[in-house]
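Shown next: my_file_37.cif, containing mmCIF, C-alpha atoms and all ligand atoms.
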data_final
#
loop_
_atom_site.label_atom_id
_atom_site.label_comp_id
_atom_site.auth_asym_id
_atom_site.auth_seq_id
_atom_site.Cartn_x
_atom_site.Cartn_y
_atom_site.Cartn_z
CA MET C 201 0.00 0.00 0.00
CA ASP C 202 1.14 3.49 -0.88
CA LEU C 203 -0.03 5.36 2.20
CA SER C 204 3.41 5.89 3.71
CA ALA C 205 4.76 6.95 0.30
CA ILE C 206 1.85 9.38 -0.04
CA MET C 207 2.52 10.93 3.36
CA GLN C 208 6.22 11.17 2.53
CA ALA C 209 5.46 12.96 -0.77
CA LEU C 210 3.16 15.34 1.11
CA ARG C 211 6.00 16.27 3.44
CA VAL C 212 8.28 17.20 0.56
CA ARG C 213 5.70 19.19 -1.44
CA PRO C 214 6.75 22.63 -2.67
CA ALA C 215 7.23 25.02 0.23
CA GLU C 216 4.70 27.87 0.41
CA ALA C 217 2.14 25.94 -1.64
CA ARG C 218 -1.35 25.44 -0.23
CA PRO C 219 -2.59 21.85 -0.46
CA LEU C 220 -5.85 21.60 -2.40
CA LEU C 221 -7.34 18.15 -1.91
CA LEU C 222 -10.01 17.25 -4.49
CA MET C 223 -11.79 13.92 -4.34
CA ASP C 224 -14.29 11.91 -6.27
CA PHE C 225 -17.20 10.63 -4.15
CA ASP C 226 -18.68 7.26 -5.22
CA GLY C 227 -16.07 4.50 -5.07
CA THR C 228 -13.61 6.89 -3.44
CA LEU C 229 -15.18 8.24 -0.24
CA VAL C 230 -17.94 5.59 -0.18
CA ASP C 231 -18.15 2.04 -1.50
CA LEU C 232 -19.97 1.56 -4.81
CA THR C 233 -23.49 0.16 -4.49
CA HIS C 234 -26.36 -0.69 -6.80
CA ASP C 235 -28.43 2.19 -5.43
CA PRO C 236 -26.63 5.57 -5.43
CA ASP C 237 -29.53 7.15 -3.51
CA ALA C 238 -28.98 4.82 -0.56
CA VAL C 239 -25.27 5.68 -0.25
CA GLU C 240 -24.28 7.40 2.96
CA LEU C 241 -20.99 8.86 4.07
CA SER C 242 -20.09 7.41 7.48
CA SER C 243 -20.01 9.83 10.40
CA VAL C 244 -16.32 8.96 10.89
CA ARG C 245 -15.47 10.03 7.32
CA ARG C 246 -17.66 13.11 7.54
CA GLY C 247 -15.85 14.03 10.76
CA LEU C 248 -12.47 13.65 9.05
CA LEU C 249 -13.58 15.79 6.10
CA GLN C 250 -14.90 18.39 8.55
CA ARG C 251 -11.51 18.49 10.31
CA LEU C 252 -9.86 19.08 6.94
CA VAL C 253 -12.38 21.79 6.06
CA ASP C 254 -11.66 23.46 9.40
CA ARG C 255 -7.89 23.45 8.89
CA PRO C 256 -6.76 26.94 7.88
CA ASP C 257 -3.77 25.65 5.88
CA LEU C 258 -5.56 23.64 3.20
CA THR C 259 -8.69 23.51 1.06
CA ILE C 260 -10.78 20.51 0.06
CA GLY C 261 -13.46 19.74 -2.51
CA VAL C 262 -15.47 16.90 -4.01
CA ILE C 263 -15.92 16.38 -7.77
CA SER C 264 -18.59 13.91 -8.83
CA GLY C 265 -21.04 12.87 -11.52
CA ARG C 266 -23.84 13.52 -9.03
CA ARG C 267 -25.72 16.81 -8.93
CA VAL C 268 -24.16 19.42 -6.64
CA ALA C 269 -27.36 19.62 -4.57
CA ASP C 270 -27.27 15.86 -3.98
CA LEU C 271 -23.53 15.90 -3.27
CA ARG C 272 -23.83 18.67 -0.68
CA VAL C 273 -26.46 16.68 1.21
CA LYS C 274 -24.38 13.49 1.05
CA VAL C 275 -21.08 15.14 2.05
CA ALA C 276 -22.62 17.69 4.48
CA VAL C 277 -19.53 19.55 5.66
CA GLY C 278 -20.79 23.08 5.08
CA ASP C 279 -20.09 25.71 2.46
CA ALA C 280 -16.31 26.00 2.81
CA ALA C 281 -15.67 22.83 0.78
CA TYR C 282 -15.91 23.05 -3.01
CA CYS C 283 -18.48 20.84 -4.70
CA ALA C 284 -18.50 20.06 -8.42
CA GLY C 285 -21.34 18.03 -9.92
CA LEU C 286 -22.24 16.54 -13.30
CA HIS C 287 -18.55 15.82 -13.94
CA GLY C 288 -17.71 19.49 -13.49
CA LEU C 289 -20.57 21.11 -15.43
CA GLU C 290 -21.68 22.71 -12.15
CA ILE C 291 -19.39 23.97 -9.38
CA VAL C 292 -20.16 25.76 -6.12
CA GLY C 293 -17.93 26.85 -3.28
CA PRO C 294 -16.26 29.96 -1.90
CA GLY C 295 -16.13 32.45 -4.81
CA ILE C 296 -17.66 30.07 -7.37
CA ASP C 297 -21.26 29.57 -8.44
CA PHE C 298 -20.86 28.04 -11.87
CA LEU C 299 -23.11 26.23 -14.33
CA HIS C 300 -21.67 25.54 -17.76
CA SER C 301 -23.52 27.76 -20.24
CA ARG C 302 -24.19 24.88 -22.62
CA ALA C 303 -25.73 22.64 -19.97
CA ALA C 304 -29.18 24.21 -20.24
CA ASP C 305 -29.22 24.06 -24.07
CA THR C 306 -29.54 20.31 -24.30
CA ARG C 307 -31.91 19.86 -21.37
CA VAL C 308 -35.07 19.33 -23.45
CA LEU C 309 -33.36 16.82 -25.71
CA ILE C 310 -31.90 14.94 -22.74
CA GLN C 311 -35.31 14.81 -21.06
CA GLN C 312 -36.82 13.33 -24.26
CA LEU C 313 -34.09 10.73 -24.44
CA THR C 314 -34.48 9.98 -20.72
CA ARG C 315 -38.11 9.06 -21.27
CA SER C 316 -37.23 6.91 -24.29
CA LEU C 317 -34.43 5.22 -22.42
CA ILE C 318 -36.60 4.42 -19.39
CA ASP C 319 -39.23 2.97 -21.69
CA ALA C 320 -36.79 0.94 -23.81
CA THR C 321 -34.94 -0.55 -20.84
CA LYS C 322 -37.86 -1.15 -18.47
CA ASP C 323 -37.78 -4.92 -19.02
CA LEU C 324 -34.03 -5.23 -18.46
CA ALA C 325 -33.51 -6.36 -14.87
CA GLY C 326 -30.86 -4.44 -13.00
CA VAL C 327 -30.62 -1.56 -15.49
CA ARG C 328 -31.37 1.77 -13.83
CA VAL C 329 -31.88 5.08 -15.59
CA GLU C 330 -31.06 8.05 -13.38
CA ASN C 331 -32.57 11.36 -14.43
CA LYS C 332 -30.24 14.18 -13.35
CA ASP C 333 -32.26 16.81 -15.22
CA LEU C 334 -29.33 18.24 -17.22
CA THR C 335 -27.81 14.82 -17.91
CA VAL C 336 -28.98 11.23 -17.70
CA ALA C 337 -27.06 8.22 -16.44
CA MET C 338 -27.77 4.59 -17.24
CA HIS C 339 -26.41 2.29 -14.52
CA VAL C 340 -25.88 -1.35 -15.45
CA ARG C 341 -24.06 -2.49 -12.30
CA GLY C 342 -26.99 -4.61 -11.17
CA ALA C 343 -27.62 -6.27 -14.55
CA ALA C 344 -26.49 -9.60 -15.99
CA PRO C 345 -23.95 -9.36 -18.85
CA ALA C 346 -26.55 -9.98 -21.60
CA ALA C 347 -28.83 -7.26 -20.23
CA GLN C 348 -25.83 -4.93 -19.95
CA ARG C 349 -25.01 -5.45 -23.63
CA ARG C 350 -28.64 -4.97 -24.65
CA ALA C 351 -28.88 -1.74 -22.62
CA GLU C 352 -25.71 -0.45 -24.23
CA ASP C 353 -27.10 -1.21 -27.70
CA ILE C 354 -30.36 0.59 -26.88
CA LEU C 355 -28.49 3.62 -25.62
CA ARG C 356 -26.19 3.74 -28.64
CA GLU C 357 -29.13 3.52 -31.06
CA LEU C 358 -31.04 6.30 -29.29
CA VAL C 359 -28.08 8.62 -29.00
CA GLU C 360 -26.20 8.09 -32.25
CA PRO C 361 -28.05 10.73 -34.35
CA HIS C 362 -27.57 13.36 -31.63
CA ARG C 363 -23.95 12.39 -31.13
CA GLU C 364 -23.31 12.68 -34.87
CA ALA C 365 -25.07 16.05 -34.94
CA GLY C 366 -22.67 17.24 -32.25
CA ALA C 367 -25.33 17.82 -29.57
CA LEU C 368 -24.50 15.10 -27.07
CA ARG C 369 -21.62 12.96 -25.94
CA VAL C 370 -21.57 9.69 -24.05
CA LEU C 371 -19.30 9.48 -21.02
CA ARG C 372 -18.47 5.92 -20.17
CA GLY C 373 -17.64 5.09 -16.55
CA HIS C 374 -17.44 1.81 -14.69
CA GLN C 375 -20.80 0.11 -15.38
CA VAL C 376 -22.44 3.43 -16.10
CA PHE C 377 -23.06 5.44 -19.26
CA GLU C 378 -23.95 9.09 -19.11
CA LEU C 379 -25.37 11.45 -21.73
CA LEU C 380 -23.91 14.91 -21.46
CA PRO C 381 -23.96 18.05 -23.61
CA ALA C 382 -21.24 17.77 -26.25
CA VAL C 383 -18.99 20.33 -24.62
CA VAL C 384 -15.31 19.76 -24.06
CA TRP C 385 -15.51 20.11 -20.29
CA THR C 386 -14.49 17.44 -17.83
CA LYS C 387 -13.61 16.86 -14.19
CA GLY C 388 -10.19 18.16 -15.23
CA ASP C 389 -11.66 21.55 -16.11
CA ALA C 390 -13.37 21.64 -12.70
CA VAL C 391 -9.98 20.97 -11.07
CA VAL C 392 -8.44 23.91 -12.94
CA ARG C 393 -11.40 26.22 -12.18
CA ILE C 394 -11.25 25.48 -8.43
CA LYS C 395 -7.45 25.76 -8.35
CA THR C 396 -7.59 29.17 -10.03
CA GLU C 397 -10.14 30.42 -7.49
CA VAL C 398 -8.19 29.09 -4.49
CA GLU C 399 -4.95 30.68 -5.71
CA TRP C 400 -6.70 34.00 -6.19
CA ARG C 401 -8.37 33.87 -2.75
CA TYR C 402 -5.25 32.96 -0.79
CA LYS C 403 -2.68 34.72 -2.99
CA GLN C 404 -0.74 31.48 -2.83
CA ALA C 405 0.07 28.69 -5.27
CA ALA C 406 -2.15 25.65 -4.79
CA TRP C 407 -0.64 22.18 -4.66
CA LEU C 408 -3.16 19.71 -6.04
CA ILE C 409 -3.99 16.29 -4.65
CA TYR C 410 -6.65 14.36 -6.55
CA VAL C 411 -8.18 11.06 -5.43
CA GLY C 412 -10.52 9.06 -7.70
CA ASP C 413 -11.53 5.54 -8.61
CA ASP C 414 -12.98 5.64 -12.12
CA VAL C 415 -11.85 6.14 -15.68
CA THR C 416 -13.72 9.47 -15.66
CA ASP C 417 -11.18 10.63 -13.05
CA GLU C 418 -8.34 10.30 -15.59
CA ASP C 419 -9.19 13.80 -16.89
CA ALA C 420 -8.67 15.15 -13.38
CA PHE C 421 -5.39 13.26 -13.00
CA ARG C 422 -4.19 14.80 -16.27
CA ALA C 423 -5.16 18.28 -15.04
CA VAL C 424 -3.17 17.75 -11.83
CA GLY C 425 -0.15 16.50 -13.76
CA PRO C 426 3.18 15.38 -12.33
CA GLU C 427 3.60 18.59 -10.31
CA GLY C 428 0.80 17.56 -7.97
CA MET C 429 -0.25 14.29 -6.39
CA THR C 430 -2.55 11.80 -8.11
CA ILE C 431 -4.04 8.89 -6.15
CA ALA C 432 -6.08 6.12 -7.80
CA VAL C 433 -8.49 4.11 -5.66
CA GLY C 434 -8.65 0.47 -6.72
CA ASP C 435 -7.21 -0.69 -10.03
CA ARG C 436 -9.22 1.15 -12.71
CA PRO C 437 -7.55 4.51 -13.31
CA ALA C 438 -4.17 3.89 -14.92
CA SER C 439 -2.51 7.26 -14.88
CA ALA C 440 -2.19 8.08 -11.16
CA ALA C 441 1.19 8.14 -9.44
CA PHE C 442 -0.11 6.57 -6.22
CA ARG C 443 -2.72 3.98 -5.46
CA LEU C 444 -4.94 3.09 -2.51
CA PRO C 445 -6.93 -0.17 -2.57
CA ASN C 446 -10.38 1.04 -1.49
CA PRO C 447 -12.40 3.73 0.34
CA ASP C 448 -11.28 2.30 3.71
CA ALA C 449 -7.70 3.14 2.74
CA VAL C 450 -8.84 6.62 1.66
CA GLU C 451 -10.26 7.02 5.16
CA ARG C 452 -6.84 6.14 6.64
CA PHE C 453 -5.26 8.71 4.32
CA LEU C 454 -7.76 11.38 5.42
CA ARG C 455 -7.05 10.59 9.07
CA GLN C 456 -3.31 10.92 8.60
CA LEU C 457 -3.77 14.13 6.63
CA ALA C 458 -6.11 15.58 9.27
CA LEU C 459 -3.50 14.86 11.96
CA ALA C 460 -0.46 15.91 9.92
CA ASP C 461 1.52 19.00 10.75
CA PRO C 462 0.88 21.89 8.37
MG MG Y 501 -16.15 7.31 -8.53
#

Can you present the structure in this file as structure tokens?
Ligand SMILES: [Mg+2]
Amino acid sequence: MDLSAIMQALRVRPAEARPLLLMDFDGTLVDLTHDPDAVELSSVRRGLLQRLVDRPDLTIGVISGRRVADLRVKVAVGDAAYCAGLHGLEIVGPGIDFLHSRAADTRVLIQQLTRSLIDATKDLAGVRVENKDLTVAMHVRGAAPAAQRRAEDILRELVEPHREAGALRVLRGHQVFELLPAVVWTKGDAVVRIKTEVEWRYKQAAWLIYVGDDVTDEDAFRAVGPEGMTIAVGDRPASAAFRLPNPDAVERFLRQLALADP
């Protein structure tokens, strides 16, 4: 396990830089489940995040595919932590209240496709369509392989004309497909946006730490680059410098960070 190496790298970070810890939520701070609504952050982990929020020498944030409103309820550590939802299309936090200008443009189309998708997949056991208003996610984690393939075919057929027309894109995560506006804007852009704000607020360079478990976190790892610290959770993301096995190990990391000297 990389935890001691991570703590060592933290100690030798650039002097004068302010640590900015950004984390994915599902699969990183909480275990993945079939029902994202039922997920709860443990009081121990919330307490650790709160300690980090309360530290004057660093800043934290969560970047997720969930809606910001949902994320804020799940994380529940107050307004001082940054929250980015819909893979970065919306960001709130000190000095930022951002919704990507293109997100509203495709809402009607996405709502149409959401209804079609629900209808077309209603007989596929374990396939769940999650309406996020500005995007739609199709979860196949609970489905048998044949149903997963069928669901993917249905989605591709529904979306293809709109993808070709340049209106929508499909973001593929681990056992989830999401329809998003076809804007070039990822979790990596949210990382940069939050970093810029933090550096402006504190008149200090930010030193990025990003923790994530899915292939959609690769964009964030790229945005952090080799100057910062990238931590993959589990074995999916390939491009991180460090790796922790699971959310329990992330909890141990948060505890050590919360107790670490500035
Ligand atoms: Mg995740």

Around the point (-32.8, 7.1, -23.1), in the coordinates given by the file, pick out the residues reaching within 8 Å, counting only C-alpha atoms, and return them as a PDB file with C-alpha atoms, in the frame of the given file.
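Produced file point_27.pdb, reproduced below:
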ATOM      1  CA  ILE C 310     -31.900  14.940 -22.740  1.00  0.00           C
ATOM      2  CA  GLN C 312     -36.820  13.330 -24.260  1.00  0.00           C
ATOM      3  CA  LEU C 313     -34.090  10.730 -24.440  1.00  0.00           C
ATOM      4  CA  THR C 314     -34.480   9.980 -20.720  1.00  0.00           C
ATOM      5  CA  ARG C 315     -38.110   9.060 -21.270  1.00  0.00           C
ATOM      6  CA  SER C 316     -37.230   6.910 -24.290  1.00  0.00           C
ATOM      7  CA  LEU C 317     -34.430   5.220 -22.420  1.00  0.00           C
ATOM      8  CA  ILE C 318     -36.600   4.420 -19.390  1.00  0.00           C
ATOM      9  CA  ASP C 319     -39.230   2.970 -21.690  1.00  0.00           C
ATOM     10  CA  ALA C 320     -36.790   0.940 -23.810  1.00  0.00           C
ATOM     11  CA  VAL C 329     -31.880   5.080 -15.590  1.00  0.00           C
ATOM     12  CA  VAL C 336     -28.980  11.230 -17.700  1.00  0.00           C
ATOM     13  CA  ILE C 354     -30.360   0.590 -26.880  1.00  0.00           C
ATOM     14  CA  LEU C 355     -28.490   3.620 -25.620  1.00  0.00           C
ATOM     15  CA  LEU C 358     -31.040   6.300 -29.290  1.00  0.00           C
ATOM     16  CA  VAL C 359     -28.080   8.620 -29.000  1.00  0.00           C
TER      17      VAL C 359
END

List the neighbours of Thr335 of chain C out to 12 Å using all atoms listed in the file; skip same-chain residues closer than 2 positions along the sequence, and give me the result as an NGL selection string.
-> :C and (265-267 or 285-290 or 302-314 or 329-333 or 337-338 or 368-371 or 377-382)

Go ahead and write the selection's residues with C-alpha atoms as a PDB file, in the frame of the given file.
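Saved the output as result21.pdb:
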ATOM      1  CA  GLY C 265     -21.040  12.870 -11.520  1.00  0.00           C
ATOM      2  CA  ARG C 266     -23.840  13.520  -9.030  1.00  0.00           C
ATOM      3  CA  ARG C 267     -25.720  16.810  -8.930  1.00  0.00           C
ATOM      4  CA  GLY C 285     -21.340  18.030  -9.920  1.00  0.00           C
ATOM      5  CA  LEU C 286     -22.240  16.540 -13.300  1.00  0.00           C
ATOM      6  CA  HIS C 287     -18.550  15.820 -13.940  1.00  0.00           C
ATOM      7  CA  GLY C 288     -17.710  19.490 -13.490  1.00  0.00           C
ATOM      8  CA  LEU C 289     -20.570  21.110 -15.430  1.00  0.00           C
ATOM      9  CA  GLU C 290     -21.680  22.710 -12.150  1.00  0.00           C
ATOM     10  CA  ARG C 302     -24.190  24.880 -22.620  1.00  0.00           C
ATOM     11  CA  ALA C 303     -25.730  22.640 -19.970  1.00  0.00           C
ATOM     12  CA  ALA C 304     -29.180  24.210 -20.240  1.00  0.00           C
ATOM     13  CA  ASP C 305     -29.220  24.060 -24.070  1.00  0.00           C
ATOM     14  CA  THR C 306     -29.540  20.310 -24.300  1.00  0.00           C
ATOM     15  CA  ARG C 307     -31.910  19.860 -21.370  1.00  0.00           C
ATOM     16  CA  VAL C 308     -35.070  19.330 -23.450  1.00  0.00           C
ATOM     17  CA  LEU C 309     -33.360  16.820 -25.710  1.00  0.00           C
ATOM     18  CA  ILE C 310     -31.900  14.940 -22.740  1.00  0.00           C
ATOM     19  CA  GLN C 311     -35.310  14.810 -21.060  1.00  0.00           C
ATOM     20  CA  GLN C 312     -36.820  13.330 -24.260  1.00  0.00           C
ATOM     21  CA  LEU C 313     -34.090  10.730 -24.440  1.00  0.00           C
ATOM     22  CA  THR C 314     -34.480   9.980 -20.720  1.00  0.00           C
ATOM     23  CA  VAL C 329     -31.880   5.080 -15.590  1.00  0.00           C
ATOM     24  CA  GLU C 330     -31.060   8.050 -13.380  1.00  0.00           C
ATOM     25  CA  ASN C 331     -32.570  11.360 -14.430  1.00  0.00           C
ATOM     26  CA  LYS C 332     -30.240  14.180 -13.350  1.00  0.00           C
ATOM     27  CA  ASP C 333     -32.260  16.810 -15.220  1.00  0.00           C
ATOM     28  CA  ALA C 337     -27.060   8.220 -16.440  1.00  0.00           C
ATOM     29  CA  MET C 338     -27.770   4.590 -17.240  1.00  0.00           C
ATOM     30  CA  LEU C 368     -24.500  15.100 -27.070  1.00  0.00           C
ATOM     31  CA  ARG C 369     -21.620  12.960 -25.940  1.00  0.00           C
ATOM     32  CA  VAL C 370     -21.570   9.690 -24.050  1.00  0.00           C
ATOM     33  CA  LEU C 371     -19.300   9.480 -21.020  1.00  0.00           C
ATOM     34  CA  PHE C 377     -23.060   5.440 -19.260  1.00  0.00           C
ATOM     35  CA  GLU C 378     -23.950   9.090 -19.110  1.00  0.00           C
ATOM     36  CA  LEU C 379     -25.370  11.450 -21.730  1.00  0.00           C
ATOM     37  CA  LEU C 380     -23.910  14.910 -21.460  1.00  0.00           C
ATOM     38  CA  PRO C 381     -23.960  18.050 -23.610  1.00  0.00           C
ATOM     39  CA  ALA C 382     -21.240  17.770 -26.250  1.00  0.00           C
TER      40      ALA C 382
END

Closest atom pairs, residues of chain C within 7 Å of ligand MG 501 (chain Y), only C-alpha atoms and all ligand atoms, as CSV:
residue,atom,partner,partner_atom,distance
C:Asp224,CA,Y:MG501,MG,5.5
C:Phe225,CA,Y:MG501,MG,5.6
C:Asp226,CA,Y:MG501,MG,4.2
C:Gly227,CA,Y:MG501,MG,4.5
C:Thr228,CA,Y:MG501,MG,5.7
C:Gly412,CA,Y:MG501,MG,6.0
C:Asp413,CA,Y:MG501,MG,4.9
C:Asp414,CA,Y:MG501,MG,5.1

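The protein and nucleic acid residues lying at most 10 Å from Asp448 of chain C are Thr228, Leu229, Val230, Asp231, Arg245, Val433, Leu444, Pro445, Glu451, Arg452, Phe453 and Leu454 of chain C, with only C-alpha atoms considered and sequence neighbours fewer than 3 positions away removed.
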
Length of the atom CA of Ser204 of chain C to atom CA of Ile394 of chain C vector [Å] | 27.3 Å

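Atom CA of Gly326 of chain C is positioned 24.2 Å from atom CA of Pro447 of chain C.
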
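If only C-alpha atoms are the atoms counted, then among C:Ala205, C:Val327, C:Met223, C:Val376 the closest residue to Val450 of chain C is C:Met223.
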
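Using only C-alpha atoms, the smallest distance between any of C:Ala215, C:Val292, C:Ala365, C:Leu220 and Arg272 of chain C comes from C:Val292.
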
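Going from atom CA of Glu360 of chain C over to atom CA of Arg341 of chain C, you cover 22.7 Å.
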
Spatial neighbours of Gly261 of chain C, 6 Å, all atoms listed in the file, chain gap at least 5 places, as a JSON list (two decimals) with C-alpha atoms, in the frame of the given file:
[["chain", "number", "residue", "atom", "x", "y", "z"],
["C", 222, "LEU", "CA", -10.01, 17.25, -4.49],
["C", 281, "ALA", "CA", -15.67, 22.83, 0.78],
["C", 282, "TYR", "CA", -15.91, 23.05, -3.01],
["C", 283, "CYS", "CA", -18.48, 20.84, -4.70]]

Can you tell me, as a PyMOL selection string, what residues are no more than 8 Å from Ala325 of chain C when counting only C-alpha atoms, ignoring any on the same chain fewer than 3 positions away?
-> chain C and resi 322+342-344+347

Residue contacts of Gln208 of chain C (12 Å, all atoms listed in the file) excluding same-chain residues fewer than 5 positions away, as a list in words | Asp202, Leu203, Arg213, Met429, Phe442, Phe453, Gln456, Leu457 and Ala460 of chain C
